[in-house]
Amino acid sequence: MTSIDRISGLSPLSPAGNASTDARGAAIETMGEIGHRVLAWVDAASRGNGSGAQAWSQTAGNRSGFAPDMGELARRGDVYGLGDLTRDLSAHFGGSPAQEGELRRALDDFTRQAVVQIAGLSGASGDQQIGGVRAALDSASHADAPGGLDGVIARFEAATADLSAQNRS
């Protein structure tokens, strides 16, 4: 049993490449993967001890093979690979171009708030560092949202609102 199981009853996440067919599962899995990617960059930038990444792995399961790419950073590109995640989810759910654009915005907003939360606590213990993102993940899992890609978007928006409120306080 992982720490997220004790908080919400969610099972450990799997990488977004195996996104489940329901909106809730797909959103939670993708948020877990984004958390891994943000922590990888925070650890690379702050020369952290990896305690946040270890704590997040206990929450979100094993991460994909993502590693920070300094070349992508120098090109000012998509350093978190959100474009690929967006395309994969949109294709998986048969999203329209408008839905794909909304999903990309939702992933960008969530990632930005997760970076503020995690990087701001990069010197803290692993559990403190990921606590806010874990709480946002939990609120997203319980959000009242429709099915399909609109449900994925709604869950990301709920998690982003939770992180944004935490980051303001």
# chains A, B, ... in the order shown; residues from 1 in each chain; ligands from 1
$ residues_around --residues "Phe66 of chain A" --least-positions-apart "2" --cutoff "10 Å" --atoms "only C-alpha atoms" --output "PyMOL selection string"
chain A and resi 33-34+36-37+40+63-64+68-69+80-81
$ write_last_selection --atoms "C-alpha atoms" --output "mmCIF file, in the first residue's frame"
data_model
loop_
_atom_site.group_PDB
_atom_site.id
_atom_site.type_symbol
_atom_site.label_atom_id
_atom_site.label_comp_id
_atom_site.auth_asym_id
_atom_site.auth_seq_id
_atom_site.Cartn_x
_atom_site.Cartn_y
_atom_site.Cartn_z
ATOM 1 C CA GLU A 33 3.599 11.222 -15.129
ATOM 2 C CA ILE A 34 3.752 15.016 -15.151
ATOM 3 C CA HIS A 36 7.621 12.598 -12.351
ATOM 4 C CA ARG A 37 8.754 14.947 -15.098
ATOM 5 C CA ALA A 40 13.144 15.219 -12.622
ATOM 6 C CA ARG A 63 7.787 6.617 -14.046
ATOM 7 C CA SER A 64 8.325 6.389 -17.763
ATOM 8 C CA PRO A 68 15.537 16.116 -18.547
ATOM 9 C CA ASP A 69 16.979 17.194 -21.904
ATOM 10 C CA TYR A 80 8.102 18.348 -20.102
ATOM 11 C CA GLY A 81 6.886 16.613 -23.271
#
$ residues_around --residues "Gln166 of chain A" --least-positions-apart "4" --cutoff "12 Å" --atoms "only C-alpha atoms" --output "list in words"
Gln113, Ala114, Val116, Gln117, Ile118, Gly120, Gly131, Gly132, Val133, Arg134, Ala135, Ala136, Ala159, Thr160, Ala161 and Asp162 of chain A
$ residues_around --residues "Val79 of chain A" --least-positions-apart "2" --cutoff "12 Å" --atoms "only C-alpha atoms" --output "compact mmCIF listing (two decimals) with all heavy atoms, in the first residue's frame"
# COMPACT_ATOMS: atom_id res chain seq x y z
N ILE A 34 3.29 13.63 -15.18
CA ILE A 34 3.75 15.02 -15.15
C ILE A 34 4.50 15.28 -13.85
O ILE A 34 5.54 15.95 -13.85
CB ILE A 34 2.58 16.00 -15.35
CG1 ILE A 34 2.07 15.91 -16.79
CG2 ILE A 34 3.00 17.44 -15.03
CD1 ILE A 34 0.78 16.67 -17.06
N ARG A 37 7.97 14.08 -14.22
CA ARG A 37 8.75 14.95 -15.10
C ARG A 37 9.15 16.25 -14.40
O ARG A 37 10.29 16.71 -14.55
CB ARG A 37 7.98 15.21 -16.39
CG ARG A 37 7.82 13.95 -17.21
CD ARG A 37 6.95 14.12 -18.42
NE ARG A 37 6.81 12.83 -19.10
CZ ARG A 37 6.48 12.70 -20.37
NH1 ARG A 37 6.22 13.77 -21.11
NH2 ARG A 37 6.38 11.50 -20.91
N VAL A 38 8.23 16.84 -13.67
CA VAL A 38 8.54 18.06 -12.94
C VAL A 38 9.63 17.77 -11.90
O VAL A 38 10.60 18.52 -11.78
CB VAL A 38 7.28 18.65 -12.28
CG1 VAL A 38 7.64 19.75 -11.28
CG2 VAL A 38 6.32 19.18 -13.34
N ALA A 40 11.87 15.48 -11.94
CA ALA A 40 13.14 15.22 -12.62
C ALA A 40 13.85 16.53 -12.94
O ALA A 40 15.06 16.68 -12.73
CB ALA A 40 12.91 14.41 -13.90
N TRP A 41 13.09 17.52 -13.42
CA TRP A 41 13.68 18.83 -13.72
C TRP A 41 14.08 19.57 -12.46
O TRP A 41 15.14 20.20 -12.41
CB TRP A 41 12.73 19.68 -14.56
CG TRP A 41 12.87 19.40 -16.02
CD1 TRP A 41 12.02 18.68 -16.81
CD2 TRP A 41 13.94 19.81 -16.87
NE1 TRP A 41 12.51 18.62 -18.09
CE2 TRP A 41 13.68 19.31 -18.16
CE3 TRP A 41 15.10 20.55 -16.66
CZ2 TRP A 41 14.53 19.54 -19.24
CZ3 TRP A 41 15.95 20.78 -17.74
CH2 TRP A 41 15.66 20.27 -19.01
N VAL A 42 13.25 19.53 -11.43
CA VAL A 42 13.59 20.22 -10.18
C VAL A 42 14.86 19.61 -9.59
O VAL A 42 15.76 20.33 -9.15
CB VAL A 42 12.42 20.16 -9.17
CG1 VAL A 42 12.85 20.59 -7.78
CG2 VAL A 42 11.27 21.03 -9.66
N PHE A 66 11.34 9.12 -18.99
CA PHE A 66 11.61 10.54 -19.17
C PHE A 66 12.86 10.96 -18.41
O PHE A 66 13.07 10.58 -17.27
CB PHE A 66 10.43 11.38 -18.70
CG PHE A 66 10.66 12.87 -18.82
CD1 PHE A 66 10.45 13.51 -20.01
CD2 PHE A 66 11.12 13.61 -17.75
CE1 PHE A 66 10.67 14.88 -20.14
CE2 PHE A 66 11.34 14.97 -17.85
CZ PHE A 66 11.11 15.61 -19.05
N ALA A 67 13.69 11.76 -19.07
CA ALA A 67 14.86 12.36 -18.43
C ALA A 67 14.98 13.79 -18.95
O ALA A 67 14.69 14.06 -20.13
CB ALA A 67 16.13 11.58 -18.77
N PRO A 68 15.37 14.73 -18.10
CA PRO A 68 15.54 16.12 -18.55
C PRO A 68 16.51 16.21 -19.72
O PRO A 68 17.56 15.56 -19.73
CB PRO A 68 16.09 16.82 -17.31
CG PRO A 68 15.61 16.01 -16.16
CD PRO A 68 15.64 14.59 -16.67
N ASP A 69 16.16 17.00 -20.71
CA ASP A 69 16.98 17.19 -21.90
C ASP A 69 17.42 18.65 -21.94
O ASP A 69 16.63 19.54 -22.25
CB ASP A 69 16.17 16.84 -23.14
CG ASP A 69 16.93 17.02 -24.45
OD1 ASP A 69 18.07 17.51 -24.44
OD2 ASP A 69 16.36 16.68 -25.50
N MET A 70 18.68 18.89 -21.60
CA MET A 70 19.18 20.26 -21.57
C MET A 70 19.16 20.91 -22.95
O MET A 70 19.02 22.12 -23.07
CB MET A 70 20.60 20.30 -20.98
CG MET A 70 20.66 19.87 -19.53
SD MET A 70 19.59 20.86 -18.48
CE MET A 70 19.70 19.97 -16.96
N GLY A 71 19.27 20.11 -24.00
CA GLY A 71 19.17 20.64 -25.36
C GLY A 71 17.79 21.21 -25.63
O GLY A 71 17.65 22.26 -26.26
N GLU A 72 16.77 20.52 -25.15
CA GLU A 72 15.39 21.01 -25.32
C GLU A 72 15.20 22.30 -24.53
O GLU A 72 14.53 23.22 -24.98
CB GLU A 72 14.40 19.94 -24.86
CG GLU A 72 12.98 20.21 -25.24
CD GLU A 72 12.70 20.14 -26.73
OE1 GLU A 72 13.46 19.49 -27.48
OE2 GLU A 72 11.72 20.78 -27.16
N LEU A 73 15.82 22.37 -23.37
CA LEU A 73 15.76 23.58 -22.56
C LEU A 73 16.43 24.74 -23.30
O LEU A 73 15.90 25.85 -23.36
CB LEU A 73 16.42 23.35 -21.21
CG LEU A 73 16.43 24.52 -20.23
CD1 LEU A 73 15.00 24.90 -19.83
CD2 LEU A 73 17.24 24.16 -18.99
N ALA A 74 17.59 24.49 -23.89
CA ALA A 74 18.31 25.53 -24.63
C ALA A 74 17.51 26.01 -25.83
O ALA A 74 17.56 27.19 -26.19
CB ALA A 74 19.67 25.01 -25.07
N ARG A 75 16.75 25.11 -26.46
CA ARG A 75 15.91 25.48 -27.62
C ARG A 75 14.60 26.13 -27.17
O ARG A 75 13.80 26.54 -28.02
CB ARG A 75 15.59 24.24 -28.45
CG ARG A 75 16.76 23.68 -29.23
CD ARG A 75 16.33 22.55 -30.17
NE ARG A 75 15.84 21.37 -29.46
CZ ARG A 75 16.60 20.42 -28.92
NH1 ARG A 75 17.91 20.53 -28.98
NH2 ARG A 75 16.07 19.38 -28.31
N ARG A 76 14.38 26.18 -25.86
CA ARG A 76 13.13 26.69 -25.30
C ARG A 76 11.94 25.89 -25.82
O ARG A 76 10.87 26.43 -26.12
CB ARG A 76 12.96 28.17 -25.58
CG ARG A 76 14.02 28.99 -24.91
CD ARG A 76 13.83 30.46 -25.19
NE ARG A 76 14.95 31.18 -24.61
CZ ARG A 76 14.84 32.34 -24.07
NH1 ARG A 76 13.70 32.96 -24.02
NH2 ARG A 76 15.90 32.93 -23.57
N GLY A 77 12.15 24.60 -25.88
CA GLY A 77 11.11 23.70 -26.40
C GLY A 77 10.21 23.17 -25.31
O GLY A 77 10.14 23.71 -24.20
N GLY A 81 7.52 17.54 -22.33
CA GLY A 81 6.89 16.61 -23.27
C GLY A 81 5.36 16.65 -23.22
O GLY A 81 4.71 15.64 -23.49
N LEU A 82 4.81 17.81 -22.91
CA LEU A 82 3.35 17.92 -22.79
C LEU A 82 2.65 17.78 -24.13
O LEU A 82 1.50 17.32 -24.19
CB LEU A 82 2.97 19.24 -22.13
CG LEU A 82 3.49 19.45 -20.71
CD1 LEU A 82 3.04 20.81 -20.17
CD2 LEU A 82 3.08 18.34 -19.79
N GLY A 83 3.32 18.15 -25.20
CA GLY A 83 2.72 18.00 -26.53
C GLY A 83 2.44 16.54 -26.84
O GLY A 83 1.36 16.21 -27.35
N ASP A 84 3.39 15.68 -26.53
CA ASP A 84 3.19 14.24 -26.77
C ASP A 84 2.08 13.69 -25.88
O ASP A 84 1.25 12.90 -26.35
CB ASP A 84 4.48 13.47 -26.51
CG ASP A 84 5.56 13.75 -27.55
OD1 ASP A 84 5.21 14.19 -28.68
OD2 ASP A 84 6.75 13.54 -27.23
N ASP A 108 -0.69 22.47 -19.46
CA ASP A 108 0.26 23.55 -19.22
C ASP A 108 0.00 24.23 -17.87
O ASP A 108 0.93 24.46 -17.10
CB ASP A 108 0.17 24.62 -20.32
CG ASP A 108 0.83 24.22 -21.62
OD1 ASP A 108 1.68 23.31 -21.62
OD2 ASP A 108 0.49 24.83 -22.66
N THR A 111 0.91 21.90 -14.95
CA THR A 111 2.36 21.76 -14.85
C THR A 111 2.99 23.00 -14.24
O THR A 111 3.85 22.91 -13.37
CB THR A 111 2.98 21.45 -16.23
OG1 THR A 111 2.36 20.26 -16.74
CG2 THR A 111 4.47 21.25 -16.13
